[in-house]
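*Asks:* Next up, coords.txt (compact mmCIF, N, CA and C atoms).
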```txt
# COMPACT_ATOMS: atom_id res chain seq x y z
N SER A 4 135.93 142.98 98.12
CA SER A 4 134.70 142.26 98.39
C SER A 4 134.82 140.84 97.84
N PRO A 5 134.16 139.87 98.53
CA PRO A 5 134.27 138.47 98.08
C PRO A 5 133.52 138.26 96.76
N THR A 6 134.06 137.37 95.98
CA THR A 6 133.46 137.05 94.69
C THR A 6 132.34 136.03 94.88
N ILE A 7 131.20 136.32 94.34
CA ILE A 7 130.06 135.41 94.43
C ILE A 7 130.02 134.56 93.17
N VAL A 8 130.08 133.25 93.38
CA VAL A 8 130.02 132.34 92.24
C VAL A 8 128.57 131.96 92.01
N ARG A 9 128.09 132.23 90.83
CA ARG A 9 126.71 131.92 90.51
C ARG A 9 126.65 130.69 89.60
N ARG A 10 125.59 129.93 89.77
CA ARG A 10 125.39 128.76 88.92
C ARG A 10 125.01 129.22 87.52
N THR A 11 125.45 128.47 86.56
CA THR A 11 125.13 128.81 85.18
C THR A 11 123.68 128.46 84.87
N GLY A 12 123.09 129.19 84.00
CA GLY A 12 121.72 128.92 83.58
C GLY A 12 121.69 128.29 82.19
N ASN A 13 122.85 127.92 81.70
CA ASN A 13 122.95 127.35 80.35
C ASN A 13 122.85 125.83 80.41
N TYR A 14 121.66 125.35 80.68
CA TYR A 14 121.44 123.91 80.77
C TYR A 14 121.18 123.34 79.39
N LYS A 15 121.61 122.10 79.19
CA LYS A 15 121.36 121.42 77.92
C LYS A 15 119.88 121.03 77.85
N PRO A 16 119.33 120.96 76.66
CA PRO A 16 117.93 120.54 76.55
C PRO A 16 117.77 119.09 77.00
N PRO A 17 116.59 118.72 77.48
CA PRO A 17 116.39 117.35 77.95
C PRO A 17 116.49 116.34 76.80
N LEU A 18 116.83 115.12 77.15
CA LEU A 18 116.93 114.06 76.15
C LEU A 18 115.58 113.72 75.56
N TRP A 19 114.53 113.82 76.37
CA TRP A 19 113.20 113.44 75.93
C TRP A 19 112.41 114.68 75.55
N GLY A 20 111.90 114.67 74.36
CA GLY A 20 111.09 115.78 73.89
C GLY A 20 109.65 115.64 74.35
N PHE A 21 108.89 116.68 74.10
CA PHE A 21 107.49 116.71 74.50
C PHE A 21 106.70 115.58 73.82
N ASP A 22 106.96 115.36 72.54
CA ASP A 22 106.23 114.32 71.80
C ASP A 22 106.50 112.93 72.37
N PHE A 23 107.74 112.67 72.77
CA PHE A 23 108.07 111.37 73.36
C PHE A 23 107.32 111.17 74.67
N LEU A 24 107.31 112.18 75.51
CA LEU A 24 106.61 112.07 76.79
C LEU A 24 105.12 111.87 76.59
N GLN A 25 104.54 112.51 75.59
CA GLN A 25 103.12 112.35 75.33
C GLN A 25 102.78 110.97 74.79
N SER A 26 103.77 110.32 74.16
CA SER A 26 103.52 109.00 73.58
C SER A 26 103.55 107.88 74.62
N LEU A 27 104.05 108.15 75.80
CA LEU A 27 104.12 107.13 76.84
C LEU A 27 102.71 106.78 77.30
N SER A 28 102.50 105.51 77.54
CA SER A 28 101.18 105.10 78.02
C SER A 28 101.34 104.32 79.32
N SER A 29 100.28 104.29 80.08
CA SER A 29 100.28 103.57 81.35
C SER A 29 99.08 102.64 81.39
N GLU A 30 99.34 101.38 81.72
CA GLU A 30 98.23 100.43 81.82
C GLU A 30 97.37 100.71 83.04
N TYR A 31 97.87 101.52 83.97
CA TYR A 31 97.13 101.79 85.20
C TYR A 31 96.00 102.78 85.00
N LYS A 32 95.81 103.26 83.81
CA LYS A 32 94.68 104.14 83.51
C LYS A 32 93.49 103.35 83.00
N GLU A 33 93.66 102.04 82.90
CA GLU A 33 92.58 101.19 82.40
C GLU A 33 91.43 101.17 83.40
N GLU A 34 90.27 100.80 82.89
CA GLU A 34 89.04 100.78 83.68
C GLU A 34 89.15 99.89 84.91
N ARG A 35 89.80 98.74 84.79
CA ARG A 35 89.86 97.82 85.93
C ARG A 35 90.65 98.41 87.09
N TYR A 36 91.68 99.21 86.80
CA TYR A 36 92.44 99.83 87.88
C TYR A 36 91.65 100.96 88.53
N MET A 37 90.92 101.69 87.71
CA MET A 37 90.09 102.77 88.25
C MET A 37 89.00 102.19 89.14
N LYS A 38 88.39 101.09 88.70
CA LYS A 38 87.34 100.44 89.48
C LYS A 38 87.89 99.91 90.79
N ARG A 39 89.07 99.28 90.73
CA ARG A 39 89.70 98.74 91.94
C ARG A 39 90.04 99.87 92.92
N GLY A 40 90.51 100.99 92.40
CA GLY A 40 90.81 102.14 93.25
C GLY A 40 89.58 102.64 93.98
N CYS A 41 88.47 102.70 93.28
CA CYS A 41 87.20 103.14 93.90
C CYS A 41 86.75 102.15 94.97
N GLU A 42 86.90 100.85 94.68
CA GLU A 42 86.53 99.83 95.67
C GLU A 42 87.36 99.97 96.94
N LEU A 43 88.66 100.18 96.78
CA LEU A 43 89.53 100.30 97.95
C LEU A 43 89.23 101.56 98.74
N LYS A 44 88.90 102.66 98.06
CA LYS A 44 88.53 103.89 98.77
C LYS A 44 87.28 103.67 99.60
N GLU A 45 86.32 102.96 99.04
CA GLU A 45 85.09 102.67 99.79
C GLU A 45 85.37 101.80 101.01
N LYS A 46 86.26 100.82 100.86
CA LYS A 46 86.61 99.95 101.99
C LYS A 46 87.25 100.76 103.11
N VAL A 47 88.18 101.65 102.75
CA VAL A 47 88.84 102.47 103.77
C VAL A 47 87.83 103.41 104.41
N LYS A 48 86.94 103.98 103.61
CA LYS A 48 85.92 104.88 104.14
C LYS A 48 85.05 104.16 105.17
N LEU A 49 84.65 102.93 104.85
CA LEU A 49 83.85 102.14 105.79
C LEU A 49 84.64 101.82 107.06
N MET A 50 85.93 101.53 106.90
CA MET A 50 86.77 101.24 108.06
C MET A 50 86.87 102.45 108.98
N VAL A 51 86.98 103.63 108.40
CA VAL A 51 87.18 104.85 109.18
C VAL A 51 85.93 105.21 109.97
N VAL A 52 84.75 104.97 109.42
CA VAL A 52 83.52 105.37 110.11
C VAL A 52 82.90 104.25 110.95
N GLU A 53 83.54 103.09 111.00
CA GLU A 53 83.01 101.99 111.80
C GLU A 53 83.00 102.35 113.28
N GLU A 54 82.15 101.67 114.02
CA GLU A 54 82.08 101.86 115.47
C GLU A 54 83.42 101.53 116.12
N GLN A 55 84.13 100.57 115.55
CA GLN A 55 85.41 100.16 116.12
C GLN A 55 86.38 101.35 116.17
N VAL A 56 86.42 102.13 115.10
CA VAL A 56 87.30 103.30 115.07
C VAL A 56 86.80 104.36 116.04
N MET A 57 85.49 104.54 116.10
CA MET A 57 84.92 105.55 116.98
C MET A 57 85.12 105.19 118.45
N SER A 58 85.27 103.91 118.75
CA SER A 58 85.47 103.50 120.14
C SER A 58 86.95 103.36 120.50
N MET A 59 87.85 103.66 119.55
CA MET A 59 89.29 103.59 119.82
C MET A 59 89.70 104.68 120.80
N GLU A 60 90.84 104.47 121.41
CA GLU A 60 91.44 105.52 122.22
C GLU A 60 91.79 106.69 121.30
N PRO A 61 91.74 107.91 121.81
CA PRO A 61 92.04 109.07 120.97
C PRO A 61 93.41 109.00 120.30
N ILE A 62 94.41 108.46 121.00
CA ILE A 62 95.75 108.38 120.40
C ILE A 62 95.75 107.44 119.20
N GLN A 63 94.96 106.36 119.27
CA GLN A 63 94.88 105.43 118.15
C GLN A 63 94.15 106.06 116.96
N GLN A 64 93.14 106.86 117.26
CA GLN A 64 92.44 107.57 116.19
C GLN A 64 93.38 108.55 115.50
N LEU A 65 94.18 109.26 116.29
CA LEU A 65 95.13 110.21 115.70
C LEU A 65 96.19 109.49 114.87
N GLU A 66 96.61 108.31 115.33
CA GLU A 66 97.58 107.53 114.56
C GLU A 66 96.99 107.09 113.22
N LEU A 67 95.72 106.71 113.24
CA LEU A 67 95.04 106.32 112.00
C LEU A 67 94.98 107.51 111.04
N ILE A 68 94.60 108.66 111.55
CA ILE A 68 94.53 109.87 110.73
C ILE A 68 95.92 110.22 110.20
N ASP A 69 96.93 110.11 111.05
CA ASP A 69 98.30 110.38 110.64
C ASP A 69 98.73 109.43 109.52
N ASN A 70 98.36 108.16 109.63
CA ASN A 70 98.70 107.18 108.59
C ASN A 70 98.04 107.54 107.26
N LEU A 71 96.80 107.99 107.32
CA LEU A 71 96.11 108.40 106.10
C LEU A 71 96.82 109.58 105.45
N TYR A 72 97.27 110.54 106.28
CA TYR A 72 98.01 111.69 105.76
C TYR A 72 99.34 111.26 105.17
N ARG A 73 100.06 110.40 105.86
CA ARG A 73 101.36 109.95 105.37
C ARG A 73 101.26 109.15 104.09
N LEU A 74 100.17 108.41 103.92
CA LEU A 74 99.96 107.67 102.68
C LEU A 74 99.52 108.58 101.54
N GLY A 75 99.15 109.81 101.88
CA GLY A 75 98.75 110.77 100.86
C GLY A 75 97.33 110.57 100.36
N ILE A 76 96.50 109.92 101.18
CA ILE A 76 95.13 109.64 100.75
C ILE A 76 94.10 110.30 101.64
N SER A 77 94.54 111.14 102.55
CA SER A 77 93.61 111.74 103.51
C SER A 77 92.57 112.64 102.85
N TYR A 78 92.90 113.22 101.70
CA TYR A 78 91.94 114.12 101.05
C TYR A 78 90.69 113.38 100.59
N HIS A 79 90.78 112.06 100.44
CA HIS A 79 89.60 111.28 100.07
C HIS A 79 88.63 111.13 101.25
N PHE A 80 89.13 111.34 102.46
CA PHE A 80 88.35 111.03 103.66
C PHE A 80 88.23 112.23 104.61
N GLU A 81 88.19 113.43 104.06
CA GLU A 81 88.15 114.63 104.89
C GLU A 81 86.93 114.66 105.80
N ASP A 82 85.77 114.32 105.28
CA ASP A 82 84.54 114.34 106.10
C ASP A 82 84.63 113.32 107.23
N GLU A 83 85.14 112.14 106.93
CA GLU A 83 85.26 111.09 107.94
C GLU A 83 86.27 111.48 109.02
N ILE A 84 87.37 112.12 108.61
CA ILE A 84 88.38 112.58 109.57
C ILE A 84 87.78 113.65 110.47
N ASP A 85 87.02 114.58 109.88
CA ASP A 85 86.34 115.60 110.69
C ASP A 85 85.39 114.97 111.69
N GLN A 86 84.71 113.92 111.28
CA GLN A 86 83.78 113.22 112.17
C GLN A 86 84.54 112.60 113.35
N ILE A 87 85.70 112.04 113.10
CA ILE A 87 86.50 111.45 114.18
C ILE A 87 86.99 112.52 115.13
N LEU A 88 87.40 113.66 114.59
CA LEU A 88 87.99 114.71 115.41
C LEU A 88 86.96 115.50 116.22
N THR A 89 85.69 115.37 115.91
CA THR A 89 84.68 116.12 116.66
C THR A 89 84.03 115.27 117.72
```
Step by step, read the file and then write its structure as structure tokens.
*Replies:*
Amino acid sequence: SPTIVRRTGNYKPPLWGFDFLQSLSSEYKEERYMKRGCELKEKVKLMVVEEQVMSMEPIQQLELIDNLYRLGISYHFEDEIDQILT
């Protein structure tokens, strides 16, 4: 019977410990970034529900929805996407 070569499970511990990872900070958690994120979400939400989008050809509407999914932000606009699709 053929010999099956299995990968070893003896991995070395990571270079970075838990304490080091917890000590890392990000400036993007500051209030100004959170506020800007909310502003941009509102702008996109308004763009999606505008008459211009509702009067688009169906293929253009689907492309817009596809772009939102590909950007990974579609979950913010589920109600608006449902409105376009109905």
*Asks:* Can you measure atom N of A:Asp82 to atom N of A:Leu49 for me? One decimal in Å is fine.
*Replies:*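 Separation of atom N of A:Asp82 and atom N of A:Leu49: 11.5 Å.
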*Asks:* Where in stretch 14-46 of chain A does DSSP assign alpha helix (DSSP H), given as an MDAnalysis selection string?
*Replies:* chainID A and resid 21:26 34:46
*Asks:* Point out the residue among A:Gly40, A:Ile7, A:Lys48, A:Phe23 with the least atom-to-atom distance to A:Phe80, counting only C-alpha atoms.
*Replies:* A:Lys48
*Asks:* Kindly give the distance, in Å, that separates atom N of A:Glu53 and atom N of A:Thr89, rounded to a single decimal.
*Replies:*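 Going from atom N of A:Glu53 over to atom N of A:Thr89, I get 13.4 Å.
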*Asks:* Quick one: residues within 12 Å of A:Ser77, only C-alpha atoms counted, chain neighbours fewer than 3 positions away excluded, as a PyMOL selection string?
*Replies:* chain A and resi 44+47-48+51+67-74+80-85
*Asks:* For atom N of A:Glu54 and atom CA of A:Arg35, determine how far apart the two atoms are, in Å to one decimal place.
*Replies:*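 Atom CA of A:Arg35 lies at a distance of 29.4 Å from atom N of A:Glu54.
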*Asks:* Calculate, to one decimal in Å, the centre and edge lengths of the box along x, y and z of the file that holds all listed atoms of stretch 26-35 of chain A with 5 Å of margin on each side, and present them as lines of an AutoDock Vina configuration file.
*Replies:*
```
center_x = 96.6
center_y = 104.1
center_z = 80.3
size_x = 25.1
size_y = 22.5
size_z = 23.5
```
